[in-house]
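To be precise, the following lines are entry_34.cif, and they hold mmCIF, C-alpha atoms.
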data_target
#
loop_
_atom_site.group_PDB
_atom_site.id
_atom_site.type_symbol
_atom_site.label_atom_id
_atom_site.label_comp_id
_atom_site.auth_asym_id
_atom_site.auth_seq_id
_atom_site.Cartn_x
_atom_site.Cartn_y
_atom_site.Cartn_z
ATOM 1 C CA SER O 1 48.008 37.081 15.334
ATOM 2 C CA LYS O 2 44.789 35.237 16.208
ATOM 3 C CA THR O 3 43.043 36.757 13.191
ATOM 4 C CA ILE O 4 45.787 35.654 10.803
ATOM 5 C CA THR O 5 45.792 32.104 12.166
ATOM 6 C CA LYS O 6 41.997 31.972 11.910
ATOM 7 C CA TYR O 7 42.274 33.217 8.329
ATOM 8 C CA TYR O 8 44.864 30.563 7.438
ATOM 9 C CA LYS O 9 42.692 27.828 8.954
ATOM 10 C CA ASN O 10 39.542 28.857 7.107
ATOM 11 C CA VAL O 11 40.659 30.161 3.712
ATOM 12 C CA GLY O 12 42.661 28.446 0.995
ATOM 13 C CA ILE O 13 44.060 30.551 -1.828
ATOM 14 C CA SER O 14 45.185 29.235 -5.185
ATOM 15 C CA SER O 15 46.273 31.680 -7.866
ATOM 16 C CA TYR O 16 47.647 31.146 -11.355
ATOM 17 C CA SER O 17 50.014 34.035 -10.693
ATOM 18 C CA PHE O 18 51.767 31.738 -8.163
ATOM 19 C CA ILE O 19 52.439 29.032 -10.784
ATOM 20 C CA ASN O 20 56.171 29.767 -10.681
ATOM 21 C CA CYS O 21 56.494 30.847 -7.039
ATOM 22 C CA PHE O 22 57.216 27.789 -4.936
ATOM 23 C CA GLN O 23 59.044 27.937 -1.602
ATOM 24 C CA ALA O 24 60.148 24.329 -1.104
ATOM 25 C CA GLU O 25 62.588 22.068 -2.890
ATOM 26 C CA THR O 26 60.159 19.152 -3.162
ATOM 27 C CA VAL O 27 56.456 18.806 -3.834
ATOM 28 C CA ILE O 28 55.841 17.144 -0.451
ATOM 29 C CA ASP O 29 57.572 20.019 1.356
ATOM 30 C CA GLU O 30 55.535 22.534 -0.633
ATOM 31 C CA ILE O 31 52.287 20.819 0.356
ATOM 32 C CA ALA O 32 53.404 20.562 3.998
ATOM 33 C CA PHE O 33 54.255 24.285 4.176
ATOM 34 C CA GLY O 34 50.672 25.349 4.957
ATOM 35 C CA LEU O 35 50.330 22.756 7.695
ATOM 36 C CA GLU O 36 53.675 23.766 9.198
ATOM 37 C CA SER O 37 52.539 27.406 9.212
ATOM 38 C CA LEU O 38 49.539 26.361 11.288
ATOM 39 C CA ALA O 39 51.775 24.358 13.680
ATOM 40 C CA VAL O 40 49.953 21.106 12.925
ATOM 41 C CA LYS O 41 51.380 18.174 14.884
ATOM 42 C CA LYS O 42 53.712 15.944 12.881
ATOM 43 C CA SER O 43 51.517 12.839 13.296
ATOM 44 C CA GLU O 44 48.414 14.727 12.132
ATOM 45 C CA MET O 45 50.393 16.348 9.314
ATOM 46 C CA GLU O 46 51.484 12.965 7.958
ATOM 47 C CA ILE O 47 47.874 11.782 7.872
ATOM 48 C CA LYS O 48 46.688 14.945 6.095
ATOM 49 C CA LEU O 49 49.551 14.794 3.599
ATOM 50 C CA ASN O 50 48.926 11.140 2.772
ATOM 51 C CA ASP O 51 45.191 11.744 2.403
ATOM 52 C CA ILE O 52 45.501 14.676 -0.003
ATOM 53 C CA ILE O 53 48.331 13.135 -2.020
ATOM 54 C CA ASN O 54 46.328 9.940 -2.489
ATOM 55 C CA LYS O 55 43.120 11.827 -3.244
ATOM 56 C CA PHE O 56 44.823 13.689 -6.091
ATOM 57 C CA SER O 57 47.019 10.746 -7.184
ATOM 58 C CA PHE O 58 50.143 12.828 -6.678
ATOM 59 C CA ASN O 59 52.342 10.086 -5.172
ATOM 60 C CA GLU O 60 54.789 9.927 -8.069
ATOM 61 C CA TYR O 61 55.611 13.634 -7.776
ATOM 62 C CA ILE O 62 56.240 14.052 -4.036
ATOM 63 C CA SER O 63 60.044 13.848 -4.333
ATOM 64 C CA SER O 64 60.165 16.050 -7.428
ATOM 65 C CA SER O 65 60.915 19.735 -7.505
ATOM 66 C CA PRO O 66 57.737 21.776 -8.040
ATOM 67 C CA TYR O 67 59.559 23.465 -10.938
ATOM 68 C CA SER O 68 60.039 20.146 -12.705
ATOM 69 C CA LEU O 69 56.263 19.685 -13.036
ATOM 70 C CA ASN O 70 54.427 20.675 -16.195
ATOM 71 C CA THR O 71 52.023 23.614 -16.018
ATOM 72 C CA SER O 72 48.888 21.531 -15.393
ATOM 73 C CA LYS O 73 50.597 19.633 -12.551
ATOM 74 C CA ARG O 74 51.808 22.921 -11.067
ATOM 75 C CA ALA O 75 48.237 24.220 -11.155
ATOM 76 C CA MET O 76 47.104 21.024 -9.444
ATOM 77 C CA LEU O 77 49.861 21.445 -6.837
ATOM 78 C CA LEU O 78 48.615 24.951 -6.061
ATOM 79 C CA ILE O 79 45.116 23.586 -5.473
ATOM 80 C CA ILE O 80 46.464 20.733 -3.317
ATOM 81 C CA CYS O 81 48.474 23.224 -1.236
ATOM 82 C CA ALA O 82 45.330 25.269 -0.679
ATOM 83 C CA LEU O 83 43.162 22.259 0.202
ATOM 84 C CA VAL O 84 45.561 20.425 2.532
ATOM 85 C CA THR O 85 44.557 22.646 5.455
ATOM 86 C CA ASN O 86 40.900 21.724 4.855
ATOM 87 C CA PRO O 87 39.682 25.315 4.498
ATOM 88 C CA LYS O 88 36.043 26.323 4.610
ATOM 89 C CA LEU O 89 36.560 28.678 1.665
ATOM 90 C CA LEU O 90 38.736 28.158 -1.407
ATOM 91 C CA LEU O 91 39.647 31.261 -3.395
ATOM 92 C CA ILE O 92 40.763 30.492 -6.940
ATOM 93 C CA ASP O 93 42.318 33.247 -9.023
ATOM 94 C CA ASN O 94 42.790 32.568 -12.725
ATOM 95 C CA LEU O 95 43.351 28.804 -12.450
ATOM 96 C CA LEU O 96 40.087 28.354 -14.293
ATOM 97 C CA SER O 97 41.515 30.440 -17.141
ATOM 98 C CA VAL O 98 43.020 27.149 -18.302
ATOM 99 C CA ILE O 99 39.464 26.137 -19.249
ATOM 100 C CA ASN O 100 39.137 29.271 -21.368
ATOM 101 C CA ASN O 101 42.418 28.423 -23.085
ATOM 102 C CA LEU O 102 41.114 24.934 -23.827
ATOM 103 C CA LYS O 103 37.892 26.369 -25.238
ATOM 104 C CA GLU O 104 39.958 28.643 -27.488
ATOM 105 C CA PHE O 105 42.048 25.653 -28.573
ATOM 106 C CA ILE O 106 38.889 23.769 -29.568
ATOM 107 C CA LYS O 107 37.429 26.856 -31.253
ATOM 108 C CA ASN O 108 40.554 26.968 -33.418
ATOM 109 C CA GLY O 109 40.002 23.399 -34.565
ATOM 110 C CA GLY O 110 41.907 21.574 -31.847
ATOM 111 C CA ILE O 111 40.741 18.255 -30.465
ATOM 112 C CA ILE O 112 41.085 17.212 -26.839
ATOM 113 C CA PHE O 113 40.933 13.623 -25.643
ATOM 114 C CA ASN O 114 40.157 13.361 -21.940
ATOM 115 C CA PHE O 115 40.561 9.886 -20.497
ATOM 116 C CA THR O 116 38.550 9.628 -17.292
ATOM 117 C CA THR O 117 36.751 7.258 -14.996
ATOM 118 C CA ASN O 118 34.596 10.107 -13.678
ATOM 119 C CA ILE O 119 31.268 9.947 -15.495
ATOM 120 C CA GLU O 120 30.360 13.476 -14.336
ATOM 121 C CA GLU O 121 33.201 14.907 -16.473
ATOM 122 C CA THR O 122 31.743 13.385 -19.634
ATOM 123 C CA ILE O 123 28.898 15.886 -19.709
ATOM 124 C CA LEU O 124 31.316 18.537 -20.968
ATOM 125 C CA SER O 125 32.405 16.480 -23.960
ATOM 126 C CA ASN O 126 31.100 16.516 -27.518
ATOM 127 C CA GLU O 127 31.779 12.850 -28.188
ATOM 128 C CA LEU O 128 31.948 9.970 -25.755
ATOM 129 C CA ILE O 129 33.626 6.609 -26.167
ATOM 130 C CA ILE O 130 32.963 3.958 -23.522
ATOM 131 C CA THR O 131 35.279 0.996 -23.346
ATOM 132 C CA ASP O 132 35.184 -2.281 -21.471
ATOM 133 C CA LYS O 133 38.160 -4.632 -21.325
ATOM 134 C CA GLU O 134 40.016 -2.515 -23.883
ATOM 135 C CA LYS O 135 37.175 -2.700 -26.443
ATOM 136 C CA ILE O 136 34.861 0.069 -27.536
ATOM 137 C CA VAL O 137 31.345 -0.761 -26.358
ATOM 138 C CA ILE O 138 29.585 2.384 -27.551
ATOM 139 C CA SER O 139 30.572 5.730 -28.998
ATOM 140 C CA GLY O 140 28.895 8.796 -30.414
ATOM 141 C CA PRO O 141 27.566 12.175 -29.340
ATOM 142 C CA THR O 142 27.719 12.360 -25.539
ATOM 143 C CA LEU O 143 23.991 12.632 -24.850
ATOM 144 C CA SER O 144 23.190 9.819 -27.283
ATOM 145 C CA VAL O 145 25.641 7.519 -25.521
ATOM 146 C CA LEU O 146 24.400 8.523 -22.069
ATOM 147 C CA ASN O 147 20.824 7.763 -23.146
ATOM 148 C CA GLU O 148 21.770 4.109 -23.715
ATOM 149 C CA GLU O 149 20.684 3.149 -20.208
ATOM 150 C CA LYS O 150 20.704 -0.616 -20.817
ATOM 151 C CA ILE O 151 24.313 -0.587 -21.967
ATOM 152 C CA MET O 152 25.334 1.710 -19.118
ATOM 153 C CA LYS O 153 23.604 -0.510 -16.537
ATOM 154 C CA ARG O 154 25.172 -3.652 -17.994
ATOM 155 C CA LEU O 155 28.601 -2.042 -17.619
ATOM 156 C CA GLY O 156 27.806 -0.879 -14.091
ATOM 157 C CA ILE O 157 28.084 2.779 -15.034
ATOM 158 C CA SER O 158 25.677 5.184 -13.410
ATOM 159 C CA LEU O 159 24.530 8.226 -15.330
ATOM 160 C CA PRO O 160 25.826 11.690 -14.468
ATOM 161 C CA PHE O 161 23.663 13.436 -11.894
ATOM 162 C CA ILE O 162 22.436 16.097 -14.328
ATOM 163 C CA VAL O 163 21.319 13.444 -16.842
ATOM 164 C CA MET O 164 19.475 11.499 -14.117
ATOM 165 C CA LEU O 165 17.808 14.687 -12.906
ATOM 166 C CA ASN O 166 16.747 15.538 -16.465
ATOM 167 C CA LYS O 167 15.243 12.063 -16.928
ATOM 168 C CA TYR O 168 13.313 12.323 -13.653
ATOM 169 C CA LEU O 169 12.000 15.748 -14.552
ATOM 170 C CA ILE O 170 10.820 14.459 -17.944
ATOM 171 C CA ASP O 171 9.251 11.356 -16.362
ATOM 172 C CA TYR O 172 7.387 13.417 -13.814
ATOM 173 C CA ASP O 173 6.473 16.116 -16.314
#

Represent the structure of the file as structure tokens.
Amino acid sequence: SKTITKYYKNVGISSYSFINCFQAETVIDEIAFGLESLAVKKSEMEIKLNDIINKFSFNEYISSSPYSLNTSKRAMLLIICALVTNPKLLLIDNLLSVINNLKEFIKNGGIIFNFTTNIEETILSNELIITDKEKIVISGPTLSVLNEEKIMKRLGISLPFIVMLNKYLIDYD
């Protein structure tokens, strides 16, 4: 019993094979399930639930049935359920296969538009469009756009870590 509880406290598991295996009627109850299993106090549980729901911008789904969510939201719910207990180790099984499916989609001529405010995500793109006040400021191949430091600084956008590191390595030979 102690070993199982220790396991539950330290390991989060999220598997694509669970994408249609939810226990609760609502998203909030599904997320709370792991905390309830660990006998987390109600006051602490509410704090943890609010924190994770806000972190993943999942507020609009908390009253919904997990089965009413689309596949990408279900995958996100599985990750949220695994992370709510704040594990030291997160085991992911096949959730990243979605990335392979997206790569196949692109390989077959598909185009994906990813709208984000996370500059780190832009590194994975082929083309980058930066807007300010609903107007395109700069667009083009991702690395070309990211090399426009003056424009990026003017907009208050920092460069992705890997780009900054690359620039420092070049500067310092």

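Between Asn59 (chain O) and the residues O:Cys81, O:Val27, O:Leu124, O:Ala39, the shortest atom-to-atom distance, using only C-alpha atoms, involves O:Val27.
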
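Reported to one decimal place, the separation of CA of Lys135 (chain O) from CA of Asn54 (chain O) is 28.6 Å.
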
Nearest to Ser68 (chain O) by atom-to-atom distance, counting all atoms listed in the file, from O:Asn20, O:Leu90, O:Lys107, O:Phe115
O:Asn20

Please measure the separation of CA of Thr131 (chain O) and CA of Ile162 (chain O), giving the value in Å to one decimal.
21.8 Å

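Pairwise distance (CA of Met152 (chain O), CA of Ser139 (chain O)) equals 11.9 Å.
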
Take the PyMOL selection byres ((chain O and resi 45) around 12), run it mentally on this structure, and tell me the resulting residues as a ChimeraX atom specification.
/O:28-29,31-44,46-53,84-86

Go ahead and save the picked residues with C-alpha atoms, as a PDB file, keeping the file's coordinate frame.
ATOM      1  CA  ILE O  28      55.841  17.144  -0.451  1.00  0.00           C
ATOM      2  CA  ASP O  29      57.572  20.019   1.356  1.00  0.00           C
ATOM      3  CA  ILE O  31      52.287  20.819   0.356  1.00  0.00           C
ATOM      4  CA  ALA O  32      53.404  20.562   3.998  1.00  0.00           C
ATOM      5  CA  PHE O  33      54.255  24.285   4.176  1.00  0.00           C
ATOM      6  CA  GLY O  34      50.672  25.349   4.957  1.00  0.00           C
ATOM      7  CA  LEU O  35      50.330  22.756   7.695  1.00  0.00           C
ATOM      8  CA  GLU O  36      53.675  23.766   9.198  1.00  0.00           C
ATOM      9  CA  SER O  37      52.539  27.406   9.212  1.00  0.00           C
ATOM     10  CA  LEU O  38      49.539  26.361  11.288  1.00  0.00           C
ATOM     11  CA  ALA O  39      51.775  24.358  13.680  1.00  0.00           C
ATOM     12  CA  VAL O  40      49.953  21.106  12.925  1.00  0.00           C
ATOM     13  CA  LYS O  41      51.380  18.174  14.884  1.00  0.00           C
ATOM     14  CA  LYS O  42      53.712  15.944  12.881  1.00  0.00           C
ATOM     15  CA  SER O  43      51.517  12.839  13.296  1.00  0.00           C
ATOM     16  CA  GLU O  44      48.414  14.727  12.132  1.00  0.00           C
ATOM     17  CA  GLU O  46      51.484  12.965   7.958  1.00  0.00           C
ATOM     18  CA  ILE O  47      47.874  11.782   7.872  1.00  0.00           C
ATOM     19  CA  LYS O  48      46.688  14.945   6.095  1.00  0.00           C
ATOM     20  CA  LEU O  49      49.551  14.794   3.599  1.00  0.00           C
ATOM     21  CA  ASN O  50      48.926  11.140   2.772  1.00  0.00           C
ATOM     22  CA  ASP O  51      45.191  11.744   2.403  1.00  0.00           C
ATOM     23  CA  ILE O  52      45.501  14.676  -0.003  1.00  0.00           C
ATOM     24  CA  ILE O  53      48.331  13.135  -2.020  1.00  0.00           C
ATOM     25  CA  VAL O  84      45.561  20.425   2.532  1.00  0.00           C
ATOM     26  CA  THR O  85      44.557  22.646   5.455  1.00  0.00           C
ATOM     27  CA  ASN O  86      40.900  21.724   4.855  1.00  0.00           C
TER      28      ASN O  86
END

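Using all atoms listed in the file, the smallest distance between any of O:Leu146, O:Phe56, O:Val137, O:Glu104 and Met164 (chain O) comes from O:Leu146.
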
Within 12 Å of (23.3, 7.9, -14.6) (coordinates as in the file), grab all the protein and nucleic acid residues, counting all atoms listed in the file, and write them out as an MDAnalysis selection string.
chainID O and resid 118:120 122:123 143 145:153 155:168

Contacts of Thr142 (chain O) at 6 Å (only C-alpha atoms; same-chain gap of 4+ positions) as a ChimeraX atom specification:
/O:126-128
